[in-house]
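Novice: Have a look at the structure that comes next, please.
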Amino acid sequence: MKARGEKIAMLTAYDYPFARIMDQAGIDVILVGDSAGSVVAGYDNTLPVTMEEMLYHSRAVARGVSQALIVADMPFMSYQVDLAEARRNAGRLIKEGGAHAVKLEGGVHVAETIRTIVAMDVPVVAHIGLTPQSVHRMGGYRVQGREEAQANQLLADARSVADAGACAVVLEGIPATLARVITAELLIPTIGIGAGVDCDGQVLVIHDILGLCEKYSPKFVKRFADVSGTIRQGIDDYIREVKEGDFPGPEHSF
Ligand code: KIV
C-alpha cells in the first residue's frame with residue numbers, strides 16, 4: 001500500500017462486536033491495543049495490562065475478523081525482561097490470541113527484541129515517539145522530538161526498528177515535519193497518531209473517535225460520532241419503560 005501511495009486506515013478494537021463492524025467496513029488493520037487498560041478497564045495508564053488480558057481481547061477480536069490484519073500489543077513487562085520471554089509472549093499472541101502481528105514500544109533499545117521475534121516469523125510493528133508504556137520516563141504524555149537532539153534520536157530509532165525487520169512503525173505524538181522525514185526515508189509504512197497527515201497511515205483509539213471515553217481528549221483525536229449520547233438515551237428509555245411497566249410488552253412475552 002505504501003508503494004501504491006494508498007493510505008492505511010487502522011483502528012483499535014478490543015472485542016468481537018467492534019471488530020466485526022470494523023472488518024465489514026473495510027478497515028485495513030485492527031490494533032488490539034493495550035489502550036484497553038485505559039478505555040476498557042479504566043486504569044490511569046497502560047502499565048497494569050497483562051498478557052492474559054491482551055490474549056482475551058485478541059481472541060475476541062480475531063473471532064470477528066475475516067479480512068483485516070490483526071496486530072496485538074505486547075503489554076508492559078511482556079518483552080522487556082529477556083529475549084526468550086519476549087519470543088514466548090509474541091508467540092502466544094499469535095498462537096492463542098489469533099493475531100497476525102505484534103506491536104511493541106521503543107526504538108534502538110528494542111531493536112534486538114524485534115530482530116529475535118521477526119526471526120521466528122512473527123511480524124512486528126514498532127512504536128516510537130510518545131510511547132505510553134514510558135509515561136513515567138516522559139513525565140506525562142508529551143509530544144516527543146520537538147528539540148533537535150530528540151528528533152535525531154527518533155530518526156535513529158526509526159532506522160533501527162526498520163533495520164531490525166519491523167514491518168511497520170507507529171509514530172505517536174511527534175511533530176508532523178519529523179514524521180514526514182521519517183516516512184520519506186523508511187521503506188516500511190509509518191502509521192501516525194498525532195504525527196500529521198504525511199504518514200503512510202493513521203491509527204486512533206475507537207473509543208476516542210466515537211466519543212465513548214470522556215476522561216481525556218488529546219488534540220490529535222477527531223470525534224467522528226457521539227455514541228455515548230445514543231447509549232445513554234437507550235439506557236434512559238429502558239429504565240423508564242421498566243419502571244412504568246411498559247416493557248416487556250406482549251410481543252416480548254411468551
Ligand atoms: O494501545 C494503543 O491503542 C496504541 C495506539 C494508540 C497506537 O498503541
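Chain labels run A, B, ... following the order of the C-alpha cells; each chain numbers its residues from 1, and ligands are numbered from 1 in the order shown.
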Considering only strand (DSSP E) as DSSP defines it on the backbone, what residues of segment 21-75 of chain A qualify? List them as a list of chain:residue names.
Specialist: A:Val29, A:Ile30, A:Leu31, A:Val32, A:Leu69, A:Ile70, A:Val71, A:Ala72, A:Asp73
Novice: Run DSSP on the backbone and tell me which residues of segment 24-210 of chain A come out as alpha helix (DSSP H); list them as a ChimeraX atom specification.
Specialist: /A:24-25,36-39,51-63,83-95,111-118,135-138,148-163,176-185,206-209
Novice: Let me have all residues with an atom within 6 Å of ligand 1, counting only C-alpha atoms and all ligand atoms, laid out as a PyMOL selection string.
Specialist: chain A and resi 12+33-35+204-205
Novice: So, counting only C-alpha atoms, which residue among A:Ala90, A:Met74, A:Leu104, A:Leu155 is closest to Ala119 of chain A?
Specialist: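 Using only C-alpha atoms, Ala119 of chain A sits closest to A:Ala90.
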Novice: Which residue, A:Val39, A:Asp200, A:Lys222, A:Gly106, has the smallest gap to Arg4 of chain A when you use only C-alpha atoms?
Specialist: A:Asp200
Novice: Smallest atom-to-atom distance to Val102 of chain A: which of A:Leu83, A:Phe254, A:Ile30, A:Ala41, using only C-alpha atoms?
Specialist: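 Looking at the shortest contact to Val102 of chain A, the residue is A:Ile30.
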Novice: Report the distance between atom CA of Ile94 of chain A and atom CA of Ala60 of chain A in Å, rounded to one decimal place.
Specialist: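 If I compute the distance from atom CA of Ile94 of chain A to atom CA of Ala60 of chain A, I get 13.1 Å.
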Novice: Tell me which protein, DNA and RNA residues are within 12 Å of Glu147 of chain A, counting only C-alpha atoms, leaving out same-chain ones fewer than 6 positions away, and put them as a tab-separated table (two decimals) with all heavy atoms, in the first residue's frame.
Specialist:
```
chain	number	residue	atom	x	y	z
A	153	GLN	N	17.36	11.50	17.69
A	153	GLN	CA	17.22	10.20	18.36
A	153	GLN	C	16.03	9.43	17.74
A	153	GLN	O	16.11	8.22	17.50
A	153	GLN	CB	17.00	10.40	19.87
A	153	GLN	CG	16.84	9.11	20.63
A	153	GLN	CD	18.03	8.16	20.47
A	153	GLN	OE1	19.18	8.57	20.68
A	153	GLN	NE2	17.78	6.92	20.07
A	154	LEU	N	14.95	10.14	17.46
A	154	LEU	CA	13.77	9.47	16.87
A	154	LEU	C	14.06	8.97	15.46
A	154	LEU	O	13.58	7.90	15.07
A	154	LEU	CB	12.57	10.41	16.89
A	154	LEU	CG	11.89	10.52	18.26
A	154	LEU	CD1	10.82	11.60	18.27
A	154	LEU	CD2	11.29	9.17	18.65
A	174	ILE	N	4.52	13.10	17.61
A	174	ILE	CA	5.75	13.77	17.18
A	174	ILE	C	5.38	14.85	16.15
A	174	ILE	O	4.32	14.76	15.53
A	174	ILE	CB	6.79	12.78	16.58
A	174	ILE	CG1	6.33	12.19	15.23
A	174	ILE	CG2	7.11	11.65	17.55
A	174	ILE	CD1	7.42	11.38	14.51
A	175	PRO	N	6.24	15.86	15.97
A	175	PRO	CA	5.92	16.92	15.01
A	175	PRO	C	5.70	16.35	13.60
A	175	PRO	O	6.41	15.42	13.17
A	175	PRO	CB	7.15	17.82	15.04
A	175	PRO	CG	7.80	17.55	16.36
A	175	PRO	CD	7.52	16.12	16.67
A	178	LEU	N	8.77	16.09	11.33
A	178	LEU	CA	9.66	14.95	11.60
A	178	LEU	C	9.04	13.66	11.05
A	178	LEU	O	9.74	12.83	10.46
A	178	LEU	CB	9.90	14.84	13.12
A	178	LEU	CG	10.74	13.67	13.61
A	178	LEU	CD1	12.14	13.70	12.98
A	178	LEU	CD2	10.84	13.69	15.14
```
Novice: Provide the atom CA of Asp198 of chain A to atom CA of Arg180 of chain A distance in Å, to one decimal place.
Specialist: 5.4 Å
Novice: Neighbours of segment 111-114 of chain A within 7 Å (only C-alpha atoms; same-chain residues fewer than 6 positions away dropped), as a list in words?
Specialist: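 Listing them by chain and then by number gives Leu83, Ala86, Val124, Ser160, Val161, Ala164, Gly165 and Ala166 of chain A.
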Novice: For Asn89 of chain A, work out the shell of residues within 8 Å, counting only C-alpha atoms and skipping chain neighbours fewer than 5 positions away, then give it as an MDAnalysis selection string.
Specialist: chainID A and resid 51 74 78:79
Novice: Write to file, as a JSON list (two decimals), in the first residue's frame, the residues of the selection just made, with all heavy atoms.
Specialist:
```json
[["chain", "number", "residue", "atom", "x", "y", "z"],
["A", 51, "MET", "N", -0.57, -9.98, 30.02],
["A", 51, "MET", "CA", -0.62, -10.86, 28.84],
["A", 51, "MET", "C", -1.98, -11.55, 28.76],
["A", 51, "MET", "O", -2.55, -11.67, 27.68],
["A", 51, "MET", "CB", 0.48, -11.93, 28.92],
["A", 51, "MET", "CG", 1.77, -11.58, 28.24],
["A", 51, "MET", "SD", 1.59, -11.21, 26.48],
["A", 51, "MET", "CE", 1.11, -12.77, 25.80],
["A", 74, "MET", "N", 2.04, -5.97, 22.68],
["A", 74, "MET", "CA", 2.73, -6.67, 23.75],
["A", 74, "MET", "C", 2.69, -5.75, 24.97],
["A", 74, "MET", "O", 3.21, -4.63, 24.92],
["A", 74, "MET", "CB", 4.16, -7.00, 23.34],
["A", 74, "MET", "CG", 4.20, -7.92, 22.14],
["A", 74, "MET", "SD", 5.82, -8.67, 21.85],
["A", 74, "MET", "CE", 5.96, -9.78, 23.26],
["A", 78, "SER", "N", 6.10, -7.72, 29.14],
["A", 78, "SER", "CA", 5.98, -8.98, 28.40],
["A", 78, "SER", "C", 7.16, -9.16, 27.45],
["A", 78, "SER", "O", 7.34, -10.23, 26.88],
["A", 78, "SER", "CB", 4.65, -9.05, 27.63],
["A", 78, "SER", "OG", 4.66, -8.14, 26.54],
["A", 79, "TYR", "N", 7.98, -8.10, 27.25],
["A", 79, "TYR", "CA", 9.11, -8.20, 26.32],
["A", 79, "TYR", "C", 10.37, -7.51, 26.83],
["A", 79, "TYR", "O", 11.41, -7.54, 26.17],
["A", 79, "TYR", "CB", 8.72, -7.64, 24.94],
["A", 79, "TYR", "CG", 8.30, -6.18, 24.94],
["A", 79, "TYR", "CD1", 9.20, -5.17, 24.65],
["A", 79, "TYR", "CD2", 6.99, -5.83, 25.21],
["A", 79, "TYR", "CE1", 8.81, -3.83, 24.64],
["A", 79, "TYR", "CE2", 6.57, -4.50, 25.20],
["A", 79, "TYR", "CZ", 7.48, -3.51, 24.92],
["A", 79, "TYR", "OH", 7.09, -2.20, 24.91]]
```
